[in-house]
>>> print(open('data.cif').read())   # mmCIF, C-alpha atoms
data_entry
loop_
_atom_site.label_atom_id
_atom_site.label_comp_id
_atom_site.auth_asym_id
_atom_site.auth_seq_id
_atom_site.Cartn_x
_atom_site.Cartn_y
_atom_site.Cartn_z
CA THR A 208 26.80 -54.95 -49.21
CA ALA A 209 23.81 -52.74 -50.03
CA ALA A 210 21.85 -54.28 -47.18
CA THR A 211 24.72 -53.70 -44.79
CA VAL A 212 25.11 -50.06 -45.85
CA SER A 213 21.34 -49.53 -45.52
CA SER A 214 21.42 -51.01 -42.05
CA VAL A 215 24.28 -48.77 -40.98
CA VAL A 216 22.53 -45.69 -42.39
CA GLY A 217 19.34 -46.70 -40.60
CA LEU A 218 21.20 -47.11 -37.32
CA ALA A 219 22.78 -43.67 -37.73
CA THR A 220 19.40 -42.09 -38.47
CA ARG A 221 17.80 -43.76 -35.47
CA ARG A 222 20.73 -42.64 -33.33
CA ARG A 223 20.24 -39.03 -34.44
CA GLU A 224 16.51 -39.32 -33.81
CA ALA A 225 17.18 -40.77 -30.37
CA GLU A 226 19.64 -37.97 -29.59
CA ALA A 227 17.15 -35.35 -30.78
CA LEU A 228 14.43 -36.96 -28.69
CA ALA A 229 16.70 -37.04 -25.66
CA THR A 230 17.54 -33.36 -26.17
CA ALA A 231 13.87 -32.50 -26.56
CA ASN A 232 13.04 -34.46 -23.42
CA ALA A 233 15.78 -32.66 -21.50
CA GLU A 234 14.50 -29.29 -22.71
CA SER A 235 10.95 -30.28 -21.79
CA ARG A 236 12.09 -31.33 -18.32
CA GLU A 237 13.89 -28.02 -17.90
CA GLU A 238 10.81 -26.10 -19.03
CA LEU A 239 8.67 -28.07 -16.60
CA ARG A 240 11.14 -27.40 -13.80
CA VAL A 241 11.13 -23.67 -14.53
CA LEU A 242 7.33 -23.64 -14.72
CA ALA A 243 7.06 -25.52 -11.43
CA GLU A 244 9.41 -23.03 -9.73
CA GLU A 245 7.44 -20.11 -11.13
CA GLN A 246 4.12 -21.54 -9.97
CA ALA A 247 5.56 -22.24 -6.51
CA ALA A 248 6.79 -18.64 -6.29
CA LEU A 249 3.40 -17.30 -7.37
CA ARG A 250 1.72 -19.54 -4.82
CA ARG A 251 3.95 -18.23 -2.01
CA VAL A 252 3.17 -14.63 -2.92
CA ALA A 253 -0.55 -15.38 -3.33
CA THR A 254 -0.55 -16.86 0.18
CA LEU A 255 0.86 -13.63 1.58
CA VAL A 256 -1.78 -11.60 -0.28
CA ALA A 257 -4.57 -13.89 0.96
CA ARG A 258 -3.32 -13.52 4.54
CA GLY A 259 -3.60 -9.75 4.20
CA VAL A 260 0.01 -9.01 5.14
CA PRO A 261 1.09 -5.37 4.74
CA PRO A 262 1.94 -4.36 1.16
CA ALA A 263 5.57 -3.67 2.11
CA GLU A 264 6.04 -7.38 2.90
CA VAL A 265 4.39 -8.36 -0.39
CA PHE A 266 6.67 -5.96 -2.31
CA ALA A 267 9.80 -7.42 -0.71
CA ALA A 268 8.63 -11.01 -1.37
CA VAL A 269 7.72 -10.28 -5.00
CA ALA A 270 11.06 -8.58 -5.68
CA GLN A 271 12.87 -11.59 -4.20
CA GLU A 272 10.80 -14.16 -6.10
CA VAL A 273 10.94 -12.34 -9.44
CA GLY A 274 14.67 -11.82 -9.16
CA HIS A 275 15.21 -15.53 -8.46
CA ILE A 276 12.83 -16.86 -11.13
CA LEU A 277 14.21 -14.64 -13.90
CA ALA A 278 17.85 -14.88 -12.74
CA ALA A 279 17.95 -11.08 -12.59
CA ASP A 280 20.90 -9.20 -11.14
CA ALA A 281 18.58 -6.48 -9.82
CA THR A 282 14.84 -6.14 -9.22
CA ILE A 283 12.90 -3.06 -8.11
CA ILE A 284 9.26 -2.21 -7.45
CA VAL A 285 8.32 1.46 -7.87
CA ARG A 286 5.22 3.53 -7.15
CA LEU A 287 4.19 6.30 -9.53
CA ASP A 288 3.71 9.51 -7.53
CA PRO A 289 1.38 12.40 -8.44
CA ASP A 290 4.30 14.63 -9.45
CA GLY A 291 5.44 12.11 -12.07
CA LYS A 292 8.39 10.83 -10.07
CA THR A 293 8.68 7.28 -8.73
CA THR A 294 9.39 6.00 -5.23
CA ILE A 295 11.39 2.78 -4.74
CA LEU A 296 9.32 0.47 -2.52
CA ALA A 297 11.42 -2.70 -2.80
CA GLY A 298 14.76 -3.66 -4.28
CA VAL A 299 16.91 -6.77 -4.29
CA GLY A 300 20.13 -7.77 -6.02
CA ASP A 301 23.62 -6.33 -6.39
CA HIS A 302 24.44 -2.73 -5.50
CA PRO A 303 21.27 -2.00 -3.44
CA ASP A 304 22.76 1.37 -2.47
CA GLU A 305 22.22 2.62 -6.02
CA PHE A 306 18.41 2.37 -5.65
CA PRO A 307 17.68 2.45 -1.88
CA VAL A 308 14.14 1.84 -0.69
CA GLY A 309 12.36 5.15 -0.19
CA SER A 310 14.44 7.05 -2.74
CA ARG A 311 12.64 9.02 -5.45
CA TRP A 312 13.58 9.10 -9.12
CA LYS A 313 12.41 10.74 -12.32
CA ALA A 314 13.02 7.96 -14.86
CA GLU A 315 12.98 9.02 -18.49
CA PRO A 316 12.65 6.95 -21.69
CA PRO A 317 14.24 4.84 -23.04
CA VAL A 318 14.64 3.34 -19.52
CA ALA A 319 12.19 0.42 -19.44
CA VAL A 320 10.43 1.47 -16.21
CA ALA A 321 9.82 4.97 -17.62
CA VAL A 322 8.37 3.56 -20.85
CA ALA A 323 6.14 1.10 -18.95
CA LEU A 324 4.80 3.92 -16.77
CA ARG A 325 4.13 6.17 -19.78
CA THR A 326 2.45 3.57 -21.96
CA GLY A 327 0.90 1.23 -19.38
CA ARG A 328 2.45 -1.69 -21.29
CA PRO A 329 5.50 -3.90 -20.72
CA ALA A 330 8.77 -2.50 -22.04
CA ARG A 331 12.40 -3.50 -22.40
CA LEU A 332 15.74 -1.81 -23.07
CA ASP A 333 18.81 -3.71 -24.19
CA ASP A 334 21.14 -0.73 -24.50
CA PHE A 335 21.50 1.74 -21.63
CA SER A 336 24.18 3.80 -23.34
CA GLN A 337 21.51 6.26 -24.53
CA ALA A 338 19.78 6.64 -21.14
CA SER A 339 20.71 10.18 -20.08
CA ASP A 340 18.91 10.61 -16.74
CA ALA A 341 20.14 9.88 -13.20
CA SER A 342 18.48 6.46 -13.12
CA GLY A 343 20.27 5.52 -16.36
CA ASP A 344 23.59 6.59 -14.80
CA ALA A 345 22.87 4.41 -11.75
CA VAL A 346 22.01 1.42 -13.95
CA ARG A 347 25.24 1.83 -15.90
CA ARG A 348 27.25 1.96 -12.65
CA MET A 349 25.66 -1.36 -11.72
CA GLY A 350 26.76 -2.85 -15.02
CA ILE A 351 23.21 -3.65 -16.13
CA ARG A 352 23.01 -4.35 -19.89
CA SER A 353 19.35 -5.26 -20.33
CA GLY A 354 16.15 -4.34 -18.50
CA VAL A 355 12.48 -5.31 -18.61
CA ALA A 356 9.59 -3.58 -16.82
CA THR A 357 5.89 -4.35 -16.49
CA PRO A 358 3.24 -1.93 -15.16
CA ILE A 359 1.26 -2.53 -11.96
CA VAL A 360 -2.42 -1.67 -12.36
CA VAL A 361 -4.73 -1.30 -9.36
CA GLU A 362 -8.46 -1.35 -10.11
CA GLY A 363 -7.96 0.13 -13.56
CA ARG A 364 -5.43 2.83 -12.66
CA LEU A 365 -1.71 2.76 -13.31
CA TRP A 366 -0.06 2.49 -9.90
CA GLY A 367 3.60 1.62 -10.53
CA ALA A 368 5.89 -0.98 -12.08
CA ILE A 369 8.27 -3.87 -11.53
CA GLY A 370 11.66 -3.67 -13.23
CA VAL A 371 14.37 -6.31 -13.62
CA GLY A 372 17.91 -5.97 -14.94
CA THR A 373 20.72 -8.29 -15.96
CA ARG A 374 24.46 -7.86 -16.61
CA HIS A 375 24.49 -10.69 -19.12
CA GLU A 376 22.60 -11.34 -22.34
CA CYS A 377 19.12 -10.00 -22.98
CA PHE A 378 16.18 -11.47 -21.10
CA PRO A 379 14.22 -14.19 -22.95
CA ALA A 380 11.28 -13.14 -25.11
CA ASP A 381 8.70 -14.49 -22.63
CA THR A 382 10.03 -12.46 -19.67
CA GLU A 383 7.25 -9.85 -19.78
CA GLN A 384 4.62 -12.58 -19.82
CA ARG A 385 6.23 -14.39 -16.88
CA MET A 386 6.24 -11.16 -14.85
CA ALA A 387 2.51 -10.54 -15.43
CA GLY A 388 1.35 -12.95 -12.72
CA PHE A 389 3.47 -11.18 -10.11
CA THR A 390 2.28 -7.69 -11.09
CA GLY A 391 -1.30 -8.95 -10.84
CA LEU A 392 -0.68 -10.17 -7.29
CA VAL A 393 0.95 -6.88 -6.31
CA GLY A 394 -2.09 -5.02 -7.67
CA THR A 395 -4.41 -7.26 -5.66
CA ALA A 396 -2.38 -6.72 -2.48
CA ILE A 397 -2.53 -2.94 -2.93
CA ALA A 398 -6.27 -2.98 -3.68
CA ASN A 399 -6.89 -5.12 -0.59
CA ALA A 400 -4.82 -2.81 1.59
CA GLU A 401 -6.61 0.27 0.27
CA GLY A 402 -9.95 -1.43 0.84
CA ARG A 403 -9.00 -2.24 4.43
CA ALA A 404 -7.82 1.32 4.97
CA GLN A 405 -11.09 2.70 3.63
CA LEU A 406 -13.03 0.31 5.86
CA GLU A 407 -11.03 1.38 8.90
CA GLU A 408 -11.56 5.02 7.95
CA SER A 409 -15.30 4.41 7.67
CA ARG A 410 -15.33 2.76 11.09
CA ASP A 411 -13.38 5.69 12.54
CA ASP A 412 -15.82 8.14 10.96
CA LEU A 413 -18.77 6.27 12.47
CA CYS A 414 -17.11 6.25 15.90
CA ARG A 415 -16.39 9.97 15.68
CA LEU A 416 -19.97 10.65 14.60
CA ALA A 417 -21.33 8.56 17.49
CA ARG A 418 -19.14 10.41 20.01
CA GLN A 419 -20.15 13.76 18.59
CA GLN A 420 -23.86 12.92 18.65
CA ALA A 421 -23.57 11.74 22.25
CA ALA A 422 -21.81 14.98 23.21
CA LEU A 423 -24.44 17.09 21.44
CA ARG A 424 -27.17 15.12 23.18
CA ARG A 425 -25.65 15.80 26.59
CA VAL A 426 -25.41 19.54 25.90
CA ALA A 427 -28.91 19.63 24.42
CA THR A 428 -30.21 18.04 27.63
CA LEU A 429 -28.65 20.84 29.66
CA VAL A 430 -30.19 23.46 27.37
CA ALA A 431 -33.59 21.80 27.57
CA ARG A 432 -33.39 21.76 31.36
CA GLY A 433 -32.80 25.52 31.34
CA VAL A 434 -29.53 25.42 33.27
CA PRO A 435 -27.65 28.75 33.50
CA PRO A 436 -25.62 29.67 30.39
CA ALA A 437 -22.35 29.51 32.34
CA GLU A 438 -22.88 25.78 32.92
CA VAL A 439 -23.71 25.27 29.27
CA PHE A 440 -20.55 27.15 28.22
CA ALA A 441 -18.37 24.99 30.46
CA ALA A 442 -20.04 21.80 29.27
CA VAL A 443 -19.66 22.75 25.59
CA ALA A 444 -16.00 23.65 26.03
CA ASP A 445 -15.34 20.26 27.66
CA GLU A 446 -17.29 18.31 25.03
CA VAL A 447 -15.73 20.15 22.07
CA SER A 448 -12.21 19.58 23.40
CA SER A 449 -12.89 15.88 23.84
CA VAL A 450 -14.68 15.29 20.54
CA LEU A 451 -12.27 17.30 18.36
CA GLY A 452 -9.06 16.35 20.18
CA ALA A 453 -8.19 19.93 21.08
CA ASP A 454 -5.48 20.89 23.56
CA GLY A 455 -7.48 23.94 24.57
CA THR A 456 -10.96 25.41 24.00
CA VAL A 457 -12.34 28.86 24.79
CA ILE A 458 -15.75 30.46 24.41
CA VAL A 459 -15.75 34.25 24.15
CA ARG A 460 -18.46 36.90 24.24
CA ARG A 461 -18.04 39.95 22.05
CA ASP A 462 -18.43 43.12 24.11
CA PRO A 463 -19.73 46.52 22.86
CA ASP A 464 -16.23 48.06 22.96
CA GLY A 465 -14.90 45.46 20.50
CA ALA A 466 -13.01 43.45 23.09
CA THR A 467 -13.99 39.89 24.11
CA THR A 468 -14.67 38.29 27.48
CA LEU A 469 -13.81 34.63 28.10
CA VAL A 470 -16.90 32.86 29.42
CA ALA A 471 -15.39 29.34 29.34
CA SER A 472 -11.87 27.93 29.12
CA VAL A 473 -10.65 24.33 29.30
CA GLY A 474 -7.46 22.48 28.44
CA ALA A 475 -3.79 23.24 28.78
CA HIS A 476 -2.54 26.37 30.56
CA ARG A 477 -5.96 27.65 31.58
CA ALA A 478 -4.17 30.19 33.78
CA GLU A 479 -3.06 31.98 30.60
CA LEU A 480 -6.70 32.48 29.51
CA PRO A 481 -8.81 32.54 32.71
CA VAL A 482 -12.59 32.82 32.67
CA GLY A 483 -13.62 36.48 33.00
CA SER A 484 -10.47 37.87 31.40
CA ARG A 485 -10.86 40.34 28.55
CA TRP A 486 -8.84 40.29 25.33
CA LYS A 487 -8.71 42.02 21.99
CA PRO A 488 -7.58 39.32 19.52
CA GLU A 489 -6.35 40.54 16.14
CA PRO A 490 -6.28 38.78 12.76
CA PRO A 491 -4.92 36.35 11.67
CA VAL A 492 -5.92 34.77 15.01
CA ALA A 493 -8.86 32.52 14.10
CA VAL A 494 -11.33 33.83 16.69
CA ALA A 495 -10.64 37.43 15.63
CA VAL A 496 -11.34 36.58 11.98
CA ALA A 497 -14.53 34.69 12.90
CA LEU A 498 -15.80 37.65 14.92
CA ARG A 499 -15.05 40.08 12.09
CA THR A 500 -16.54 38.02 9.25
CA GLY A 501 -19.26 36.04 11.02
CA ARG A 502 -17.88 32.87 9.38
CA PRO A 503 -15.70 30.00 10.60
CA ALA A 504 -11.95 30.63 10.36
CA ARG A 505 -8.65 28.90 11.03
CA CYS A 506 -5.04 29.92 11.60
CA ASP A 507 -2.08 27.54 11.21
CA ASP A 508 0.72 30.03 11.86
CA TYR A 509 0.89 32.32 14.90
CA SER A 510 4.47 33.46 14.37
CA GLN A 511 3.45 36.86 12.92
CA ALA A 512 0.17 37.37 14.80
CA PRO A 513 0.16 40.65 16.78
CA GLY A 514 -1.29 41.40 20.21
CA ASP A 515 -1.38 40.04 23.76
CA TYR A 516 -3.81 37.26 22.86
CA ALA A 517 -1.45 35.88 20.20
CA ASP A 518 1.44 36.13 22.68
CA ALA A 519 -0.55 34.01 25.13
CA LEU A 520 -1.26 31.41 22.45
CA ARG A 521 2.44 31.21 21.57
CA ARG A 522 3.38 30.76 25.24
CA MET A 523 0.87 27.92 25.42
CA GLY A 524 2.54 26.28 22.42
CA PHE A 525 -0.49 26.33 20.11
CA ARG A 526 0.33 25.79 16.44
CA SER A 527 -3.13 25.74 14.87
CA SER A 528 -6.63 26.87 15.78
CA VAL A 529 -10.16 26.86 14.40
CA ALA A 530 -12.96 29.22 15.45
CA ALA A 531 -16.68 29.41 14.74
CA PRO A 532 -19.04 32.33 15.42
CA ILE A 533 -21.95 32.07 17.85
CA VAL A 534 -25.11 33.74 16.52
CA VAL A 535 -28.08 34.55 18.76
CA GLU A 536 -31.35 35.40 17.00
CA GLY A 537 -29.54 36.79 13.98
CA ARG A 538 -26.86 38.81 15.80
CA LEU A 539 -23.21 37.90 16.26
CA TRP A 540 -22.82 37.18 19.98
CA GLY A 541 -19.35 35.69 20.26
CA GLY A 542 -17.34 32.68 19.21
CA ILE A 543 -15.82 29.34 20.17
CA ALA A 544 -12.18 28.51 19.40
CA ILE A 545 -10.10 25.36 19.70
CA GLY A 546 -6.33 25.01 19.52
CA THR A 547 -3.80 22.22 19.10
CA ARG A 548 -0.06 21.94 19.67
CA HIS A 549 0.27 19.24 17.00
CA GLY A 550 -0.18 19.68 13.25
CA SER A 551 -3.51 21.15 12.22
CA PHE A 552 -7.17 20.21 12.55
CA PRO A 553 -8.95 18.12 9.86
CA ALA A 554 -10.78 19.90 7.07
CA ASP A 555 -14.25 19.08 8.48
CA THR A 556 -13.58 20.64 11.90
CA GLU A 557 -15.53 23.83 11.25
CA GLN A 558 -18.56 21.82 10.18
CA ARG A 559 -18.37 19.60 13.26
CA MET A 560 -18.31 22.67 15.53
CA ALA A 561 -21.55 24.03 14.05
CA GLY A 562 -23.88 21.90 16.16
CA PHE A 563 -22.28 23.10 19.38
CA THR A 564 -22.43 26.78 18.42
CA GLU A 565 -26.16 26.39 17.64
CA LEU A 566 -26.79 24.90 21.09
CA ILE A 567 -24.89 27.77 22.72
CA GLY A 568 -27.01 30.24 20.74
CA THR A 569 -30.16 28.49 21.91
#
>>> encode(input="data.cif", output="structure tokens")
Amino acid sequence: TAATVSSVVGLATRRREAEALATANAESREELRVLAEEQAALRRVATLVARGVPPAEVFAAVAQEVGHILAADATIIVRLDPDGKTTILAGVGDHPDEFPVGSRWKAEPPVAVAVALRTGRPARLDDFSQASDASGDAVRRMGIRSGVATPIVVEGRLWGAIGVGTRHECFPADTEQRMAGFTGLVGTAIANAEGRAQLEESRDDLCRLARQQAALRRVATLVARGVPPAEVFAAVADEVSSVLGADGTVIVRRDPDGATTLVASVGAHRAELPVGSRWKPEPPVAVAVALRTGRPARCDDYSQAPGDYADALRRMGFRSSVAAPIVVEGRLWGGIAIGTRHGSFPADTEQRMAGFTELIGT
């Protein structure tokens, strides 16, 4: 009887051990499946980054992959702006109208994204009832009960964050760790894009410099050949308009009575400012300021500028202008002015005009 009882007890123990082993194996298989899915998602995103696709595509892919892997009801990627607000760059999940792409928010703690952006560390919030800002209100309308956010760091600087939310129980304890690989890939994509942009900007700067040097060389050749000043003026006006992307360029001589005479004019509506015409420009018109101060000047608003010259500029549709003085053997001789109908000229425009004004002076 004792042997029989012992055998039965042994069978029951082995059955429990077998059941426990089966459960452990099932859990291990599930963990392996989840890990395999996560690695596949990371590989897909890494492929996009390696191909150099635009960051917007990477953001959308990461939001989709993170939302799927973590079974989130909502996923967003935000950029931290200089004014402390955030811009939504990608969003997937239910109620996308609550956080549309391009919208700007000022998230405040205890919202997880706000905490992650303040501390530079992962954060979570499992009770949104205390979130008092507009983003907290939007999250509550979506029915989100728990949120996790991890910061995105680009070359050592805090750039933004990824946030996920769920309507169900809290996210598992390893959620922040599982999100880290995706934030790293987003940071790499942004760094690559910024690097490409800087490279393109450098190439553009070199091209602009080459064009400007070629233009200066052509004008210098005319000066060296001793051609009449009128030909030099016309050549400089043409070259400056081309190199600086101006819609119109004039060169003026300052006369003893304080008025100016146009000695060269190229670009749009030349009939408004013909060569030989005399004008008395008044500040804030850029050429008037340059002639009064002997220094480069610019004007980005002609709406209140007085005088016939300003009226002519308004009729021509100019919105912005830059002027530089022309100095001959220490005395202020006149000036060169360029105008555009679009936006305003870059900050280095005055500096780029200096070489041409020196050649005119010579």
>>> resolve_selection(input="data.cif", expression="the PyMOL selection byres ((chain A and resi 299-310) around 6)", output="ChimeraX atom specification")
/A:280-282,294-298,311
>>> resolve_selection(input="data.cif", expression="the PyMOL selection byres ((chain A and resi 565) around 10)", output="list of chain:residue names")
A:Ala427, A:Pro532, A:Ile533, A:Val534, A:Val535, A:Met560, A:Ala561, A:Gly562, A:Phe563, A:Thr564, A:Leu566, A:Ile567, A:Gly568, A:Thr569
>>> closest_residue(input="data.cif", among="A:Ala368, A:Ile397, A:Ile545, A:Val346", to="Leu332 of chain A", atoms="all atoms listed in the file")
A:Val346
>>> axis_aligned_box(input="data.cif", around="segment 422-432 of chain A", padding_each_side="5 Å", output="JSON")
{"center_x": -27.7, "center_y": 19.2, "center_z": 26.4, "size_x": 21.8, "size_y": 18.5, "size_z": 19.9}
>>> closest_residue(input="data.cif", among="A:Ile276, A:Pro463, A:Thr556, A:Thr468", to="Val450 of chain A", atoms="all atoms listed in the file")
A:Thr556
>>> resolve_selection(input="data.cif", expression="the PyMOL selection byres ((chain A and resi 391) around 12)", output="PyMOL selection string")
chain A and resi 249+252-253+256+265+269+357-363+365-369+384-390+392-398
>>> closest_residue(input="data.cif", among="A:Trp540, A:Tyr516, A:Trp312, A:Trp486", to="Gly501 of chain A", atoms="all atoms listed in the file")
A:Trp540
